[in-house]
Amino acid sequence: MKVLVTGGSGFIGSHVVDQLVDAGHKPVIYDRRPSPYRDDIQTELGELSDLTMLELAMSGCDAVLHLAAAADVNEVAKMPVESEAANARGTLNVLEAARGAGVKRVVYASTIWVYTGESGERVDEESNLGMPNHLYTASKLAGEMYCRSYNELYELEYTVLRFGIPYGPRARPAAVVPAFVGKAMAGEALTVAGAGDQSRRFVYVEDLASGCVKALDPIAANRTYNLVSDSSVTILEIAELVQELVAPTGIEYTEQRTADYVGVEVSGVRAEEELGWTAVTPFAEGVSRYVEWRREDEAAAPVPMQPVAKVATEGFTTALTRVRKSVAMPFAYAVASLMMLAAYVVAVDSLGLPDAQVGTLAVTMIAALAVFLLIELMWRNPKTRAISAVSSALVTAIFVFAVMTPWGHQVFHLATPGRPLFVLTITGVALVIALASAGIALARRRGLIDDVAAVRLSA
């Protein structure tokens, strides 16, 4: 199975990619940066806001594991607009791209934070959800609702995975376990909010990645699962464990964080019964593995310097890839093509061609442009864009052949074909198609093509 992993270069995503490979699947990474862990996996660089790039990256994929998100709750509180764009609208774009690319299933990474505010002692996937009291929770719940809506409206399969609090190797430094370990290794006291009695259902990242792979099974279609461990751990217990494993640096208590996760008991029974999944790594063992990995990772620094030529080449390639996917590159193509077309017109005029030959060039170029635009604007699906380009070239070639025949001469009063005229015709057609392609790419970046398509379809 070919599976696109959004956020595949990140903490959880990189482990998911590893386990997809181990399970015999073919992962494709979609992320803002190349993976620092896998250079043998197809990687597409792009943003969740870029619907066109998402569609292209999903071409030929059977499923999408959507993990990319603004996951740091503190950063979400600091940047609510940007976080909403990543979590809510980003998920909407993933679903729309999956629909356009013919993907069968989207597996969406949600969170057990959606249970914040529950009054019961134990909750499961059927529990009623209260109104969210944190922007992070609200944005993740929006993604869940989009998944269900796309299933109802467009029959796009979904699976919602509500993750327990992930920890383990490759974790971002701001998460609670890495933050505690980092402070203890630096000899600093560990900071605990309130009394430290906030409980969490942590889950080791490799266990979590295993659950993501299992969620691709047919039984998981249109289902929601809690991927959690079977026991809760308090923040104070984490601090004490880190002191035991790293260094007894002491604990400092601060004010309680507002809108914090209340730590209800979340059931993982459904995932065990339907997917055969459980979190098998005990918390103390998982933290010990993380500490060992952290020490090895820091011991390996500084990384040996690569040859200057290689660094320059890789930096240039990355920069060029990002520029190519921005609005600037299609605009540059359009300007360059327009300048070349102007130079072509001046050159043809300076040759002093007979009117019949000039007419041949003009009619062929206009027809080629019309055919190309018609086919390109009708077929938005990335799977058929290559077909549209070939079809446009084929139809144009047939037309050129037609106008060059005696029949074409009689109907259009065109010139008798010859080698110079063929060369000029092919060059002119190539220029107008290049200009049209750049214009379409620029319009897609700015959302103009999608708006036109929506109007056409609704009519």
# chains A, B, ... in the order shown; residues from 1 in each chain; ligands from 1
call {"tool": "residues_around", "arguments": {"residues": "range 251-254 of chain A", "least_positions_apart": "5", "cutoff": "8 Å", "atoms": "only C-alpha atoms", "output": "PyMOL selection string"}}
result
chain A and resi 189-195+239
call {"tool": "residues_around", "arguments": {"residues": "Trp113 in chain A", "least_positions_apart": "2", "cutoff": "8 Å", "atoms": "only C-alpha atoms", "output": "list in words"}}
result
Thr111, Tyr115, Thr116, Thr137 and Tyr261 of chain A
call {"tool": "write_last_selection", "arguments": {"atoms": "C-alpha atoms", "output": "PDB file, in the first residue's frame"}}
result
ATOM      1  CA  THR A 111      -5.768  13.803  20.709  1.00  0.00           C
ATOM      2  CA  TYR A 115     -12.018  14.689  26.518  1.00  0.00           C
ATOM      3  CA  THR A 116     -11.112  17.780  28.550  1.00  0.00           C
ATOM      4  CA  THR A 137      -8.533  21.066  21.469  1.00  0.00           C
ATOM      5  CA  TYR A 261      -5.843  18.954  30.333  1.00  0.00           C
TER       6      TYR A 261
END
call {"tool": "residues_around", "arguments": {"residues": "range 345-352 of chain A", "least_positions_apart": "5", "cutoff": "10 Å", "atoms": "only C-alpha atoms", "output": "list in words"}}
result
Met339, Met340, Gln357, Val358, Leu361, Leu424 and Gly428 of chain A
call {"tool": "select_by_dssp", "arguments": {"residues": "range 236-301 of chain A", "states": "alpha helix (DSSP H)", "output": "PyMOL selection string"}}
result
chain A and resi 236-245+269-270+283-299
call {"tool": "atom_distance", "arguments": {"atom1": "CA of Ala184 in chain A", "atom2": "CA of Arg170 in chain A"}}
result
17.8 Å
call {"tool": "residues_around", "arguments": {"residues": "range 12-18 of chain A", "least_positions_apart": "3", "cutoff": "10 Å", "atoms": "only C-alpha atoms", "output": "short mmCIF file (atom, residue, chain, number, x, y, z; two decimals) with N, CA and C atoms, in the first residue's frame"}}
result
data_model
loop_
_atom_site.label_atom_id
_atom_site.label_comp_id
_atom_site.auth_asym_id
_atom_site.auth_seq_id
_atom_site.Cartn_x
_atom_site.Cartn_y
_atom_site.Cartn_z
N VAL A 3 1.35 5.02 0.98
CA VAL A 3 0.74 5.85 2.02
C VAL A 3 1.50 7.17 2.14
N LEU A 4 0.77 8.29 2.00
CA LEU A 4 1.37 9.60 2.25
C LEU A 4 1.32 9.89 3.74
N VAL A 5 2.44 10.33 4.31
CA VAL A 5 2.51 10.68 5.73
C VAL A 5 2.79 12.17 5.84
N THR A 6 1.78 12.95 6.19
CA THR A 6 2.03 14.37 6.42
C THR A 6 2.75 14.50 7.77
N GLY A 7 3.75 15.36 7.81
CA GLY A 7 4.57 15.46 9.01
C GLY A 7 5.50 14.27 9.17
N GLY A 8 5.83 13.61 8.05
CA GLY A 8 6.64 12.39 8.11
C GLY A 8 8.08 12.62 8.49
N SER A 9 8.52 13.89 8.55
CA SER A 9 9.89 14.18 8.98
C SER A 9 9.96 14.46 10.48
N VAL A 21 7.54 1.01 6.51
CA VAL A 21 8.53 0.27 5.72
C VAL A 21 8.66 -1.16 6.24
N ASP A 22 8.73 -1.30 7.56
CA ASP A 22 8.85 -2.64 8.15
C ASP A 22 7.64 -3.51 7.83
N ALA A 23 6.47 -2.88 7.68
CA ALA A 23 5.24 -3.63 7.40
C ALA A 23 5.05 -3.91 5.91
N HIS A 25 4.77 -1.58 3.47
CA HIS A 25 4.10 -0.50 2.76
C HIS A 25 5.13 0.43 2.10
N LYS A 26 4.65 1.31 1.23
CA LYS A 26 5.51 2.29 0.56
C LYS A 26 5.11 3.69 1.03
N PRO A 27 5.86 4.25 2.00
CA PRO A 27 5.50 5.58 2.50
C PRO A 27 6.04 6.69 1.60
N VAL A 28 5.32 7.80 1.60
CA VAL A 28 5.77 9.04 0.96
C VAL A 28 5.67 10.13 2.02
N ILE A 29 6.74 10.88 2.22
CA ILE A 29 6.76 11.93 3.24
C ILE A 29 6.31 13.25 2.63
N TYR A 30 5.40 13.93 3.34
CA TYR A 30 5.02 15.30 2.97
C TYR A 30 5.29 16.18 4.19
N ASP A 31 6.24 17.08 4.05
CA ASP A 31 6.64 17.89 5.19
C ASP A 31 7.24 19.19 4.71
N SER A 35 13.44 14.81 5.81
CA SER A 35 13.57 13.99 7.01
C SER A 35 15.03 13.89 7.43
N PRO A 36 15.34 14.15 8.70
CA PRO A 36 16.71 13.96 9.18
C PRO A 36 17.01 12.50 9.49
N TYR A 37 16.00 11.62 9.35
CA TYR A 37 16.16 10.22 9.74
C TYR A 37 16.13 9.26 8.55
N ARG A 38 15.47 9.66 7.45
CA ARG A 38 15.37 8.77 6.29
C ARG A 38 15.67 9.56 5.03
N ILE A 41 13.48 7.63 1.37
CA ILE A 41 12.03 7.67 1.20
C ILE A 41 11.66 8.86 0.31
N LEU A 65 -1.86 9.21 6.07
CA LEU A 65 -1.74 9.32 7.52
C LEU A 65 -1.44 10.78 7.83
N HIS A 66 -2.44 11.51 8.29
CA HIS A 66 -2.31 12.96 8.49
C HIS A 66 -1.87 13.24 9.92
N LEU A 67 -0.56 13.48 10.08
CA LEU A 67 0.03 13.72 11.39
C LEU A 67 0.50 15.16 11.58
N ALA A 68 0.71 15.88 10.49
CA ALA A 68 1.24 17.24 10.59
C ALA A 68 0.26 18.14 11.32
N PRO A 166 2.36 11.54 23.60
CA PRO A 166 3.49 10.77 23.08
C PRO A 166 4.82 11.17 23.73
N TYR A 167 5.72 10.22 23.84
CA TYR A 167 7.07 10.51 24.33
C TYR A 167 8.01 9.46 23.75
N GLY A 168 9.29 9.75 23.77
CA GLY A 168 10.27 8.81 23.27
C GLY A 168 11.31 9.49 22.40
N PRO A 169 12.21 8.73 21.80
CA PRO A 169 13.27 9.29 20.94
C PRO A 169 12.72 10.17 19.84
N ARG A 170 13.46 11.24 19.54
CA ARG A 170 13.15 12.23 18.51
C ARG A 170 12.08 13.23 18.93
N ALA A 171 11.65 13.19 20.18
CA ALA A 171 10.59 14.09 20.64
C ALA A 171 11.07 15.53 20.60
N ARG A 172 10.13 16.45 20.38
CA ARG A 172 10.47 17.88 20.38
C ARG A 172 10.86 18.30 21.80
N TYR A 204 4.27 5.39 24.50
CA TYR A 204 5.59 5.40 23.88
C TYR A 204 5.44 5.52 22.37
N VAL A 205 6.31 6.32 21.74
CA VAL A 205 6.11 6.70 20.34
C VAL A 205 6.13 5.50 19.39
N GLU A 206 6.93 4.50 19.66
CA GLU A 206 6.95 3.33 18.77
C GLU A 206 5.65 2.54 18.87
N ASP A 207 5.07 2.50 20.08
CA ASP A 207 3.75 1.87 20.22
C ASP A 207 2.70 2.67 19.44
N LEU A 208 2.80 3.98 19.54
CA LEU A 208 1.85 4.85 18.84
C LEU A 208 1.96 4.66 17.32
N ALA A 209 3.19 4.58 16.82
CA ALA A 209 3.40 4.36 15.39
C ALA A 209 2.82 3.03 14.94
N SER A 210 2.94 2.02 15.78
CA SER A 210 2.35 0.72 15.46
C SER A 210 0.83 0.82 15.32
N GLY A 211 0.20 1.61 16.20
CA GLY A 211 -1.24 1.81 16.12
C GLY A 211 -1.65 2.53 14.85
N CYS A 212 -0.83 3.48 14.39
CA CYS A 212 -1.12 4.19 13.14
C CYS A 212 -1.12 3.23 11.96
N VAL A 213 -0.17 2.32 11.92
CA VAL A 213 -0.09 1.35 10.83
C VAL A 213 -1.28 0.40 10.87
#
call {"tool": "closest_residue", "arguments": {"among": "A:Ala434, A:Leu156, A:Ile366, A:Val81", "to": "Gly100 in chain A", "atoms": "only C-alpha atoms"}}
result
A:Leu156
call {"tool": "select_by_dssp", "arguments": {"residues": "range 186-307 of chain A", "states": "strand (DSSP E)", "output": "ChimeraX atom specification"}}
result
/A:190-193,199-200,202-204,223-227,233-234,251-254,265-266
call {"tool": "write_last_selection", "arguments": {"atoms": "N, CA and C atoms", "output": "JSON list (two decimals), in the first residue's frame"}}
result
[["chain", "number", "residue", "atom", "x", "y", "z"],
["A", 190, "LEU", "N", 13.65, 20.93, 38.23],
["A", 190, "LEU", "CA", 12.51, 20.65, 37.36],
["A", 190, "LEU", "C", 11.32, 21.49, 37.79],
["A", 191, "THR", "N", 10.62, 22.11, 36.82],
["A", 191, "THR", "CA", 9.50, 22.99, 37.12],
["A", 191, "THR", "C", 8.19, 22.23, 36.98],
["A", 192, "VAL", "N", 7.38, 22.26, 38.04],
["A", 192, "VAL", "CA", 6.10, 21.57, 38.07],
["A", 192, "VAL", "C", 5.00, 22.59, 38.33],
["A", 193, "ALA", "N", 3.96, 22.60, 37.49],
["A", 193, "ALA", "CA", 2.85, 23.52, 37.65],
["A", 193, "ALA", "C", 1.88, 23.01, 38.72],
["A", 199, "SER", "N", -2.80, 14.33, 35.71],
["A", 199, "SER", "CA", -2.44, 13.00, 35.19],
["A", 199, "SER", "C", -2.54, 12.96, 33.68],
["A", 200, "ARG", "N", -1.74, 12.08, 33.08],
["A", 200, "ARG", "CA", -1.70, 11.92, 31.63],
["A", 200, "ARG", "C", -1.68, 10.44, 31.29],
["A", 202, "PHE", "N", 0.18, 8.60, 28.94],
["A", 202, "PHE", "CA", 1.30, 8.65, 28.02],
["A", 202, "PHE", "C", 1.35, 7.36, 27.20],
["A", 203, "VAL", "N", 1.96, 7.48, 26.02],
["A", 203, "VAL", "CA", 2.14, 6.31, 25.17],
["A", 203, "VAL", "C", 3.47, 6.45, 24.44],
["A", 204, "TYR", "N", 4.27, 5.39, 24.50],
["A", 204, "TYR", "CA", 5.59, 5.40, 23.88],
["A", 204, "TYR", "C", 5.44, 5.52, 22.37],
["A", 223, "ARG", "N", -14.01, 4.69, 11.80],
["A", 223, "ARG", "CA", -14.03, 4.41, 13.23],
["A", 223, "ARG", "C", -13.09, 5.38, 13.96],
["A", 224, "THR", "N", -13.31, 5.51, 15.26],
["A", 224, "THR", "CA", -12.47, 6.35, 16.12],
["A", 224, "THR", "C", -11.85, 5.48, 17.21],
["A", 225, "TYR", "N", -10.56, 5.68, 17.47],
["A", 225, "TYR", "CA", -9.85, 4.87, 18.46],
["A", 225, "TYR", "C", -9.01, 5.75, 19.38],
["A", 226, "ASN", "N", -8.99, 5.36, 20.65],
["A", 226, "ASN", "CA", -8.07, 5.96, 21.61],
["A", 226, "ASN", "C", -6.80, 5.12, 21.63],
["A", 227, "LEU", "N", -5.68, 5.72, 21.31],
["A", 227, "LEU", "CA", -4.39, 5.02, 21.40],
["A", 227, "LEU", "C", -3.70, 5.51, 22.67],
["A", 233, "VAL", "N", -0.15, 8.66, 34.52],
["A", 233, "VAL", "CA", 1.04, 9.10, 35.25],
["A", 233, "VAL", "C", 0.89, 10.59, 35.53],
["A", 234, "THR", "N", 1.20, 11.02, 36.75],
["A", 234, "THR", "CA", 1.11, 12.44, 37.08],
["A", 234, "THR", "C", 2.41, 13.15, 36.71],
["A", 251, "ILE", "N", 12.99, 20.08, 42.64],
["A", 251, "ILE", "CA", 11.74, 20.43, 41.96],
["A", 251, "ILE", "C", 11.28, 21.81, 42.41],
["A", 252, "GLU", "N", 10.90, 22.64, 41.47],
["A", 252, "GLU", "CA", 10.32, 23.96, 41.76],
["A", 252, "GLU", "C", 8.86, 23.96, 41.33],
["A", 253, "TYR", "N", 7.98, 24.48, 42.18],
["A", 253, "TYR", "CA", 6.55, 24.51, 41.89],
["A", 253, "TYR", "C", 6.13, 25.91, 41.45],
["A", 254, "THR", "N", 5.33, 25.96, 40.37],
["A", 254, "THR", "CA", 4.85, 27.23, 39.84],
["A", 254, "THR", "C", 3.33, 27.24, 39.84],
["A", 265, "GLU", "N", -9.68, 9.47, 32.88],
["A", 265, "GLU", "CA", -9.22, 8.13, 32.54],
["A", 265, "GLU", "C", -9.81, 7.73, 31.18],
["A", 266, "VAL", "N", -8.94, 7.52, 30.21],
["A", 266, "VAL", "CA", -9.37, 7.25, 28.83],
["A", 266, "VAL", "C", -9.20, 5.76, 28.54]]
call {"tool": "residues_around", "arguments": {"residues": "Ser229 in chain A", "least_positions_apart": "4", "cutoff": "9 Å", "atoms": "only C-alpha atoms", "output": "PyMOL selection string"}}
result
chain A and resi 164+201-204+266-268+278-283
call {"tool": "write_last_selection", "arguments": {"atoms": "C-alpha atoms", "output": "PDB file, in the first residue's frame"}}
result
ATOM      1  CA  GLY A 164      -2.318   9.686  24.295  1.00  0.00           C
ATOM      2  CA  ARG A 201      -2.167   8.773  29.588  1.00  0.00           C
ATOM      3  CA  PHE A 202       1.302   8.646  28.024  1.00  0.00           C
ATOM      4  CA  VAL A 203       2.140   6.309  25.169  1.00  0.00           C
ATOM      5  CA  TYR A 204       5.591   5.396  23.877  1.00  0.00           C
ATOM      6  CA  VAL A 266      -9.365   7.246  28.830  1.00  0.00           C
ATOM      7  CA  SER A 267     -10.243   3.724  27.722  1.00  0.00           C
ATOM      8  CA  GLY A 268      -8.247   1.983  24.993  1.00  0.00           C
ATOM      9  CA  THR A 278      -2.134  -2.101  23.025  1.00  0.00           C
ATOM     10  CA  ALA A 279       0.649   0.080  24.382  1.00  0.00           C
ATOM     11  CA  VAL A 280       3.230  -2.522  25.385  1.00  0.00           C
ATOM     12  CA  THR A 281       6.031  -0.275  26.701  1.00  0.00           C
ATOM     13  CA  PRO A 282       5.881   0.555  30.447  1.00  0.00           C
ATOM     14  CA  PHE A 283       6.338   4.246  31.155  1.00  0.00           C
TER      15      PHE A 283
END
call {"tool": "closest_residue", "arguments": {"among": "A:Val246, A:Phe11, A:Leu421, A:Val371", "to": "Ala356 in chain A", "atoms": "only C-alpha atoms"}}
result
A:Leu421
call {"tool": "residues_around", "arguments": {"residues": "Leu135 in chain A", "least_positions_apart": "4", "cutoff": "9 Å", "atoms": "only C-alpha atoms", "output": "list in words"}}
result
Val73, Val76, Ala77, Pro80, Ser83, Glu84, Ser139 and Lys140 of chain A
